[in-house]
$ cat upload-v1.pdb   # PDB, C-alpha atoms and all ligand atoms
ATOM      1  CA  MET Q   1      37.731  -2.316 -11.894  1.00  0.00           C
ATOM      2  CA  LYS Q   2      36.759   1.160 -10.735  1.00  0.00           C
ATOM      3  CA  ILE Q   3      33.785   1.201 -13.056  1.00  0.00           C
ATOM      4  CA  ARG Q   4      32.646  -2.185 -11.768  1.00  0.00           C
ATOM      5  CA  MET Q   5      32.866  -0.952  -8.169  1.00  0.00           C
ATOM      6  CA  LEU Q   6      30.860   2.130  -9.082  1.00  0.00           C
ATOM      7  CA  ALA Q   7      28.250  -0.018 -10.780  1.00  0.00           C
ATOM      8  CA  VAL Q   8      27.990  -2.179  -7.669  1.00  0.00           C
ATOM      9  CA  ALA Q   9      27.638   0.937  -5.503  1.00  0.00           C
ATOM     10  CA  ALA Q  10      24.920   2.289  -7.802  1.00  0.00           C
ATOM     11  CA  ALA Q  11      23.057  -1.017  -7.631  1.00  0.00           C
ATOM     12  CA  MET Q  12      23.273  -0.980  -3.839  1.00  0.00           C
ATOM     13  CA  VAL Q  13      21.868   2.545  -3.632  1.00  0.00           C
ATOM     14  CA  LEU Q  14      19.004   1.704  -5.978  1.00  0.00           C
ATOM     15  CA  SER Q  15      18.260  -1.506  -4.089  1.00  0.00           C
ATOM     16  CA  ALA Q  16      18.172   0.386  -0.801  1.00  0.00           C
ATOM     17  CA  ALA Q  17      15.707   2.881  -2.297  1.00  0.00           C
ATOM     18  CA  ALA Q  18      13.497   0.086  -3.607  1.00  0.00           C
ATOM     19  CA  HIS Q  19      13.446  -1.570  -0.197  1.00  0.00           C
ATOM     20  CA  ALA Q  20      13.009   1.569   1.876  1.00  0.00           C
ATOM     21  CA  ALA Q  21      11.138   1.079   5.111  1.00  0.00           C
ATOM     22  CA  PRO Q  22       7.469   2.052   4.911  1.00  0.00           C
ATOM     23  CA  VAL Q  23       6.606   5.479   6.283  1.00  0.00           C
ATOM     24  CA  TYR Q  24       3.276   3.994   7.353  1.00  0.00           C
ATOM     25  CA  SER Q  25       1.795   0.533   7.714  1.00  0.00           C
ATOM     26  CA  ASP Q  26      -1.329  -1.015   9.220  1.00  0.00           C
ATOM     27  CA  ASN Q  27      -2.179  -4.707   9.380  1.00  0.00           C
ATOM     28  CA  PHE Q  28      -5.320  -4.095  11.497  1.00  0.00           C
ATOM     29  CA  ASP Q  29      -4.133  -6.770  13.929  1.00  0.00           C
ATOM     30  CA  SER Q  30      -4.348  -4.422  16.907  1.00  0.00           C
ATOM     31  CA  ASP Q  31      -7.871  -3.236  16.053  1.00  0.00           C
ATOM     32  CA  ALA Q  32     -10.786  -4.510  18.092  1.00  0.00           C
ATOM     33  CA  GLN Q  33     -12.711  -7.065  16.092  1.00  0.00           C
ATOM     34  CA  GLY Q  34     -16.416  -6.674  15.523  1.00  0.00           C
ATOM     35  CA  LEU Q  35     -19.242  -5.734  13.215  1.00  0.00           C
ATOM     36  CA  ASN Q  36     -19.683  -2.120  12.131  1.00  0.00           C
ATOM     37  CA  VAL Q  37     -16.558  -0.927  13.899  1.00  0.00           C
ATOM     38  CA  GLY Q  38     -13.969   1.534  12.700  1.00  0.00           C
ATOM     39  CA  VAL Q  39     -10.224   1.001  12.485  1.00  0.00           C
ATOM     40  CA  ALA Q  40      -7.904   3.020  14.707  1.00  0.00           C
ATOM     41  CA  GLY Q  41      -6.337   6.041  13.058  1.00  0.00           C
ATOM     42  CA  TRP Q  42      -8.668   5.964  10.041  1.00  0.00           C
ATOM     43  CA  THR Q  43     -11.845   7.958   9.421  1.00  0.00           C
ATOM     44  CA  LEU Q  44     -14.993   5.948   8.633  1.00  0.00           C
ATOM     45  CA  THR Q  45     -17.731   7.683   6.654  1.00  0.00           C
ATOM     46  CA  GLY Q  46     -20.898   6.874   4.738  1.00  0.00           C
ATOM     47  CA  GLY Q  47     -21.552   3.407   6.125  1.00  0.00           C
ATOM     48  CA  THR Q  48     -19.839   0.601   7.981  1.00  0.00           C
ATOM     49  CA  ILE Q  49     -17.022  -1.923   7.857  1.00  0.00           C
ATOM     50  CA  ASP Q  50     -16.278  -5.052   9.889  1.00  0.00           C
ATOM     51  CA  VAL Q  51     -12.990  -6.110  11.466  1.00  0.00           C
ATOM     52  CA  VAL Q  52     -12.743  -9.874  11.081  1.00  0.00           C
ATOM     53  CA  PRO Q  53     -10.666 -11.603  13.755  1.00  0.00           C
ATOM     54  CA  VAL Q  54      -8.400 -14.610  13.759  1.00  0.00           C
ATOM     55  CA  GLY Q  55     -10.338 -17.759  14.466  1.00  0.00           C
ATOM     56  CA  SER Q  56     -13.754 -16.511  13.396  1.00  0.00           C
ATOM     57  CA  SER Q  57     -15.851 -18.520  10.955  1.00  0.00           C
ATOM     58  CA  PHE Q  58     -15.230 -15.667   8.496  1.00  0.00           C
ATOM     59  CA  GLN Q  59     -11.428 -15.940   8.754  1.00  0.00           C
ATOM     60  CA  PHE Q  60     -11.041 -16.506   5.027  1.00  0.00           C
ATOM     61  CA  LEU Q  61      -7.547 -15.164   4.546  1.00  0.00           C
ATOM     62  CA  GLY Q  62      -4.514 -17.052   5.811  1.00  0.00           C
ATOM     63  CA  ALA Q  63      -3.958 -17.353   9.554  1.00  0.00           C
ATOM     64  CA  ALA Q  64      -0.859 -15.169   9.134  1.00  0.00           C
ATOM     65  CA  ASN Q  65      -3.141 -12.295   8.108  1.00  0.00           C
ATOM     66  CA  GLY Q  66      -4.560 -11.954  11.602  1.00  0.00           C
ATOM     67  CA  ASN Q  67      -7.353  -9.390  11.670  1.00  0.00           C
ATOM     68  CA  TYR Q  68      -8.463  -7.852   8.379  1.00  0.00           C
ATOM     69  CA  VAL Q  69     -11.212  -5.521   7.169  1.00  0.00           C
ATOM     70  CA  ASP Q  70     -14.445  -6.502   5.420  1.00  0.00           C
ATOM     71  CA  LEU Q  71     -15.082  -3.285   3.487  1.00  0.00           C
ATOM     72  CA  ASP Q  72     -18.860  -3.804   3.644  1.00  0.00           C
ATOM     73  CA  GLY Q  73     -19.964  -3.871   7.278  1.00  0.00           C
ATOM     74  CA  SER Q  74     -23.245  -5.301   8.465  1.00  0.00           C
ATOM     75  CA  THR Q  75     -25.711  -2.483   7.951  1.00  0.00           C
ATOM     76  CA  GLY Q  76     -26.351  -2.860   4.221  1.00  0.00           C
ATOM     77  CA  GLN Q  77     -24.182   0.109   3.317  1.00  0.00           C
ATOM     78  CA  ALA Q  78     -20.416  -0.138   2.856  1.00  0.00           C
ATOM     79  CA  GLY Q  79     -18.476   2.707   4.405  1.00  0.00           C
ATOM     80  CA  THR Q  80     -15.317   4.464   3.266  1.00  0.00           C
ATOM     81  CA  ILE Q  81     -12.163   4.314   5.360  1.00  0.00           C
ATOM     82  CA  THR Q  82      -9.776   7.220   4.864  1.00  0.00           C
ATOM     83  CA  LYS Q  83      -6.274   7.811   6.177  1.00  0.00           C
ATOM     84  CA  THR Q  84      -4.326  11.064   6.026  1.00  0.00           C
ATOM     85  CA  LEU Q  85      -0.586  11.206   6.676  1.00  0.00           C
ATOM     86  CA  THR Q  86       0.714  14.668   7.518  1.00  0.00           C
ATOM     87  CA  VAL Q  87       4.374  14.267   8.281  1.00  0.00           C
ATOM     88  CA  LEU Q  88       5.712  13.491   4.833  1.00  0.00           C
ATOM     89  CA  ALA Q  89       8.171  15.242   2.610  1.00  0.00           C
ATOM     90  CA  ASP Q  90       6.593  16.118  -0.732  1.00  0.00           C
ATOM     91  CA  GLY Q  91       7.237  13.606  -3.488  1.00  0.00           C
ATOM     92  CA  ALA Q  92       6.109  10.248  -4.797  1.00  0.00           C
ATOM     93  CA  TYR Q  93       4.762   7.523  -2.529  1.00  0.00           C
ATOM     94  CA  ALA Q  94       3.662   3.968  -3.224  1.00  0.00           C
ATOM     95  CA  LEU Q  95       0.504   2.683  -1.537  1.00  0.00           C
ATOM     96  CA  THR Q  96       0.646  -1.107  -1.250  1.00  0.00           C
ATOM     97  CA  PHE Q  97      -2.128  -3.343   0.073  1.00  0.00           C
ATOM     98  CA  GLU Q  98      -3.649  -6.810  -0.028  1.00  0.00           C
ATOM     99  CA  LEU Q  99      -7.204  -7.050  -1.367  1.00  0.00           C
ATOM    100  CA  ALA Q 100      -9.377 -10.132  -1.799  1.00  0.00           C
ATOM    101  CA  GLY Q 101     -12.835 -10.804  -3.134  1.00  0.00           C
ATOM    102  CA  ASN Q 102     -15.167 -11.816  -0.325  1.00  0.00           C
ATOM    103  CA  HIS Q 103     -15.083 -15.566   0.122  1.00  0.00           C
ATOM    104  CA  ARG Q 104     -18.783 -15.683   1.059  1.00  0.00           C
ATOM    105  CA  ASP Q 105     -19.572 -15.694  -2.647  1.00  0.00           C
ATOM    106  CA  GLY Q 106     -21.148 -12.268  -2.697  1.00  0.00           C
ATOM    107  CA  GLY Q 107     -20.141 -11.884  -6.324  1.00  0.00           C
ATOM    108  CA  VAL Q 108     -17.605  -9.627  -7.981  1.00  0.00           C
ATOM    109  CA  GLU Q 109     -17.936  -5.963  -7.099  1.00  0.00           C
ATOM    110  CA  ALA Q 110     -15.895  -2.825  -7.442  1.00  0.00           C
ATOM    111  CA  THR Q 111     -13.596  -1.439  -4.791  1.00  0.00           C
ATOM    112  CA  THR Q 112     -12.415   2.134  -5.353  1.00  0.00           C
ATOM    113  CA  ILE Q 113      -9.089   3.319  -3.976  1.00  0.00           C
ATOM    114  CA  THR Q 114      -8.228   7.005  -3.886  1.00  0.00           C
ATOM    115  CA  LEU Q 115      -4.703   8.322  -3.369  1.00  0.00           C
ATOM    116  CA  SER Q 116      -3.367  11.875  -3.468  1.00  0.00           C
ATOM    117  CA  GLY Q 117      -1.798  12.643  -6.806  1.00  0.00           C
ATOM    118  CA  ALA Q 118      -3.196   9.533  -8.511  1.00  0.00           C
ATOM    119  CA  ALA Q 119      -6.309   8.817 -10.544  1.00  0.00           C
ATOM    120  CA  ASN Q 120      -8.884   6.745  -8.691  1.00  0.00           C
ATOM    121  CA  THR Q 121      -8.239   3.020  -8.999  1.00  0.00           C
ATOM    122  CA  VAL Q 122     -11.149   0.589  -9.301  1.00  0.00           C
ATOM    123  CA  LEU Q 123     -10.403  -3.066  -8.556  1.00  0.00           C
ATOM    124  CA  THR Q 124     -12.823  -5.958  -8.998  1.00  0.00           C
ATOM    125  CA  PRO Q 125     -11.331  -8.911  -7.116  1.00  0.00           C
ATOM    126  CA  ALA Q 126     -13.170 -12.148  -7.776  1.00  0.00           C
ATOM    127  CA  VAL Q 127     -14.361 -14.443  -5.028  1.00  0.00           C
ATOM    128  CA  ASN Q 128     -11.325 -16.114  -3.448  1.00  0.00           C
ATOM    129  CA  ASP Q 129      -8.934 -13.851  -5.310  1.00  0.00           C
ATOM    130  CA  ASP Q 130      -6.314 -12.557  -2.892  1.00  0.00           C
ATOM    131  CA  ALA Q 131      -3.625 -10.340  -4.382  1.00  0.00           C
ATOM    132  CA  TRP Q 132      -1.242  -7.488  -3.666  1.00  0.00           C
ATOM    133  CA  TYR Q 133      -1.542  -4.143  -5.400  1.00  0.00           C
ATOM    134  CA  THR Q 134       0.594  -1.005  -5.535  1.00  0.00           C
ATOM    135  CA  ILE Q 135      -0.566   2.451  -6.580  1.00  0.00           C
ATOM    136  CA  VAL Q 136       1.834   5.383  -6.854  1.00  0.00           C
ATOM    137  CA  GLY Q 137       0.696   8.876  -5.905  1.00  0.00           C
ATOM    138  CA  SER Q 138       2.298  11.959  -4.425  1.00  0.00           C
ATOM    139  CA  ALA Q 139       2.242  14.090  -1.315  1.00  0.00           C
ATOM    140  CA  THR Q 140       1.887  17.843  -1.607  1.00  0.00           C
ATOM    141  CA  GLY Q 141       2.117  20.273   1.275  1.00  0.00           C
ATOM    142  CA  GLY Q 142       3.333  17.368   3.412  1.00  0.00           C
ATOM    143  CA  THR Q 143      -0.007  15.562   3.136  1.00  0.00           C
ATOM    144  CA  LEU Q 144      -0.910  12.214   1.602  1.00  0.00           C
ATOM    145  CA  THR Q 145      -4.489  10.920   1.780  1.00  0.00           C
ATOM    146  CA  PHE Q 146      -5.833   7.550   0.689  1.00  0.00           C
ATOM    147  CA  SER Q 147      -9.160   5.743   1.032  1.00  0.00           C
ATOM    148  CA  PHE Q 148     -10.894   2.443   0.328  1.00  0.00           C
ATOM    149  CA  HIS Q 149     -14.565   2.041  -0.563  1.00  0.00           C
ATOM    150  CA  ASP Q 150     -16.470  -0.991  -1.768  1.00  0.00           C
ATOM    151  CA  ALA Q 151     -19.559  -0.453  -3.945  1.00  0.00           C
ATOM    152  CA  SER Q 152     -21.375  -3.065  -1.910  1.00  0.00           C
ATOM    153  CA  ALA Q 153     -24.614  -3.008   0.042  1.00  0.00           C
ATOM    154  CA  ASP Q 154     -25.188  -6.619   1.020  1.00  0.00           C
ATOM    155  CA  ASN Q 155     -22.798  -6.859   4.005  1.00  0.00           C
ATOM    156  CA  ILE Q 156     -20.397  -8.966   1.904  1.00  0.00           C
ATOM    157  CA  GLY Q 157     -17.516  -6.785   0.841  1.00  0.00           C
ATOM    158  CA  SER Q 158     -13.965  -7.021  -0.443  1.00  0.00           C
ATOM    159  CA  LEU Q 159     -11.366  -7.936   2.175  1.00  0.00           C
ATOM    160  CA  LEU Q 160      -8.489  -5.551   2.950  1.00  0.00           C
ATOM    161  CA  ASP Q 161      -5.255  -6.119   4.870  1.00  0.00           C
ATOM    162  CA  ASN Q 162      -1.606  -5.039   5.100  1.00  0.00           C
ATOM    163  CA  VAL Q 163      -1.749  -1.433   3.944  1.00  0.00           C
ATOM    164  CA  SER Q 164       1.602   0.345   3.708  1.00  0.00           C
ATOM    165  CA  VAL Q 165       3.097   3.511   2.236  1.00  0.00           C
ATOM    166  CA  THR Q 166       6.688   3.764   1.024  1.00  0.00           C
ATOM    167  CA  ALA Q 167       8.569   6.727  -0.407  1.00  0.00           C
ATOM    168  CA  VAL Q 168       9.499   6.331  -4.081  1.00  0.00           C
ATOM    169  CA  PRO Q 169      12.730   7.831  -5.449  1.00  0.00           C
ATOM    170  CA  GLU Q 170      12.047  10.937  -7.506  1.00  0.00           C
ATOM    171  CA  PRO Q 171      11.718  10.146 -11.243  1.00  0.00           C
ATOM    172  CA  GLY Q 172      14.675  12.429 -11.942  1.00  0.00           C
ATOM    173  CA  SER Q 173      16.899  11.015  -9.221  1.00  0.00           C
ATOM    174  CA  LEU Q 174      18.091   7.948 -11.128  1.00  0.00           C
ATOM    175  CA  PRO Q 175      19.734   9.855 -14.040  1.00  0.00           C
ATOM    176  CA  LEU Q 176      21.148  12.356 -11.520  1.00  0.00           C
ATOM    177  CA  MET Q 177      22.519   9.543  -9.378  1.00  0.00           C
ATOM    178  CA  LEU Q 178      24.099   7.798 -12.361  1.00  0.00           C
ATOM    179  CA  ALA Q 179      25.516  11.102 -13.607  1.00  0.00           C
ATOM    180  CA  GLY Q 180      27.049  11.550 -10.160  1.00  0.00           C
ATOM    181  CA  PHE Q 181      28.656   8.130 -10.271  1.00  0.00           C
ATOM    182  CA  ALA Q 182      29.930   8.794 -13.802  1.00  0.00           C
ATOM    183  CA  ALA Q 183      31.505  12.064 -12.613  1.00  0.00           C
ATOM    184  CA  LEU Q 184      33.170  10.220  -9.741  1.00  0.00           C
ATOM    185  CA  GLY Q 185      34.547   7.658 -12.165  1.00  0.00           C
ATOM    186  CA  PHE Q 186      35.849  10.408 -14.477  1.00  0.00           C
ATOM    187  CA  ALA Q 187      37.537  12.172 -11.555  1.00  0.00           C
ATOM    188  CA  ALA Q 188      39.113   8.884 -10.447  1.00  0.00           C
ATOM    189  CA  ARG Q 189      40.485   8.267 -13.933  1.00  0.00           C
ATOM    190  CA  ARG Q 190      41.886  11.818 -14.122  1.00  0.00           C
ATOM    191  CA  ARG Q 191      43.669  11.399 -10.796  1.00  0.00           C
ATOM    192  CA  ARG Q 192      45.329   8.233 -12.052  1.00  0.00           C
ATOM    193  CA  SER Q 193      46.543   9.793 -15.323  1.00  0.00           C
TER     194      SER Q 193
HETATM  195 CA    CA P 201      -3.961  -8.347   9.403  1.00  0.00          CA
HETATM  196 CA    CA P 202     -19.658  -7.605   6.399  1.00  0.00          CA
HETATM  197 CA    CA P 203     -21.203  -7.207  -1.705  1.00  0.00          CA
END

$ encode --input "upload-v1.pdb" --output "structure tokens" --more "lines below"
Ligand SMILES: [Ca+2]
Ligand SMILES: [Ca+2]
Ligand SMILES: [Ca+2]
Amino acid sequence: MKIRMLAVAAAMVLSAAAHAAPVYSDNFDSDAQGLNVGVAGWTLTGGTIDVVPVGSSFQFLGAANGNYVDLDGSTGQAGTITKTLTVLADGAYALTFELAGNHRDGGVEATTITLSGAANTVLTPAVNDDAWYTIVGSATGGTLTFSFHDASADNIGSLLDNVSVTAVPEPGSLPLMLAGFAALGFAARRRRS
């Protein structure tokens, strides 16, 4: 019985860790829509992006998406948007986001995602593909930086929405946690005997 209770407690702890609240999230819904605009709190370099609003003729994602980013603006040169978080404890973090191929049939092209502590990720979402991705990296010195760039130069870029960052339990914490529970169980058995 004791062991079963401990197992339930362990499962609850692990579940809580897996569903930890994001330390950062941006759905771009509060950004001003427009062509060749930036997104608040991010740095835009090397070109442009668009913020596509609800109700526009380019509202290709679901209505629930609200505003989203077209990673290739309207100047023939896709920019890079970069975000740096500076208030994090060091450790592993998961970057999760929704990325779609551009529904204007601009063809398949590569979108590169950088994240501190992770190798660059290159995604090639097809037209009308709309999927969620997670990349795990790590913060060092309290800093975590990530960026999105589409190798596009025809004003028709990949579509980005719902970016979030969540702390990941340390790789070594699971065995430690289970060892802790096992010790508790052993102590409980000793007290009974
Ligand atoms: Ca949105
Ligand atoms: Ca565009
Ligand atoms: Ca393109």

$ closest_residue --input "upload-v1.pdb" --among "Q:Leu159, Q:Leu71, Q:Ala21, Q:Ala131" --to "ligand CA 201 (chain P)" --atoms "all atoms listed in the file"
Q:Leu159

$ residues_near_ligand --input "upload-v1.pdb" --ligand "ligand CA 201 (chain P)" --cutoff "6 Å" --atoms "all atoms listed in the file" --output "PyMOL selection string"
chain Q and resi 27-29+65-68+161-162

$ resolve_selection --input "upload-v1.pdb" --expression "the PyMOL selection byres (((chain Q and resi 43) around 9) and not hetatm)" --output "list in words"
Gly38, Val39, Ala40, Gly41, Trp42, Leu44, Thr45, Thr80, Ile81, Thr82, Lys83 and Thr84 of chain Q

$ closest_atom_pairs --input "upload-v1.pdb" --of "chain Q" --to "ligand CA 203 (chain P)" --cutoff "8 Å" --atoms "all atoms listed in the file" --output "CSV"
residue,atom,partner,partner_atom,distance
Q:Asp72,CA,P:CA203,CA,6.8
Q:Asn102,CA,P:CA203,CA,7.7
Q:Gly106,CA,P:CA203,CA,5.2
Q:Gly107,CA,P:CA203,CA,6.7
Q:Val108,CA,P:CA203,CA,7.6
Q:Glu109,CA,P:CA203,CA,6.4
Q:Asp150,CA,P:CA203,CA,7.8
Q:Ala151,CA,P:CA203,CA,7.3
Q:Ser152,CA,P:CA203,CA,4.2
Q:Ala153,CA,P:CA203,CA,5.7
Q:Asp154,CA,P:CA203,CA,4.9
Q:Asn155,CA,P:CA203,CA,5.9
Q:Ile156,CA,P:CA203,CA,4.1
Q:Gly157,CA,P:CA203,CA,4.5
Q:Ser158,CA,P:CA203,CA,7.3

$ atom_distance --input "upload-v1.pdb" --atom1 "CA of Asp129 in chain Q" --atom2 "CA of Val52 in chain Q"
17.3 Å

$ residues_around --input "upload-v1.pdb" --residues "Thr75 in chain Q" --least-positions-apart "4" --cutoff "10 Å" --atoms "all atoms listed in the file" --output "ChimeraX atom specification"
/Q:35-36,47-50,79,153-155

$ atom_distance --input "upload-v1.pdb" --atom1 "CA of Thr134 in chain Q" --atom2 "CA of Ala63 in chain Q"
22.7 Å

$ atom_distance --input "upload-v1.pdb" --atom1 "CA of Leu99 in chain Q" --atom2 "CA of Ser56 in chain Q"
18.7 Å

$ closest_residue --input "upload-v1.pdb" --among "Q:Gly34, Q:Gly141, Q:Gly73, Q:Gly101" --to "Gly117 in chain Q" --atoms "all atoms listed in the file"
Q:Gly141

$ closest_residue --input "upload-v1.pdb" --among "Q:Gln59, Q:Thr112, Q:Thr96, Q:Ser164" --to "ligand CA 202 (chain P)" --atoms "all atoms listed in the file"
Q:Gln59

$ resolve_selection --input "upload-v1.pdb" --expression "the PyMOL selection byres (((chain Q and resi 22) around 7) and not hetatm)" --output "PyMOL selection string"
chain Q and resi 20-21+23-25+164-166

$ closest_residue --input "upload-v1.pdb" --among "Q:Ala118, Q:Ala78, Q:Ala32, Q:Val69" --to "Gly46 in chain Q" --atoms "all atoms listed in the file"
Q:Ala78

$ resolve_selection --input "upload-v1.pdb" --expression "the PyMOL selection byres (((chain Q and resi 167) around 12) and not hetatm)" --output "count of residues only"
31
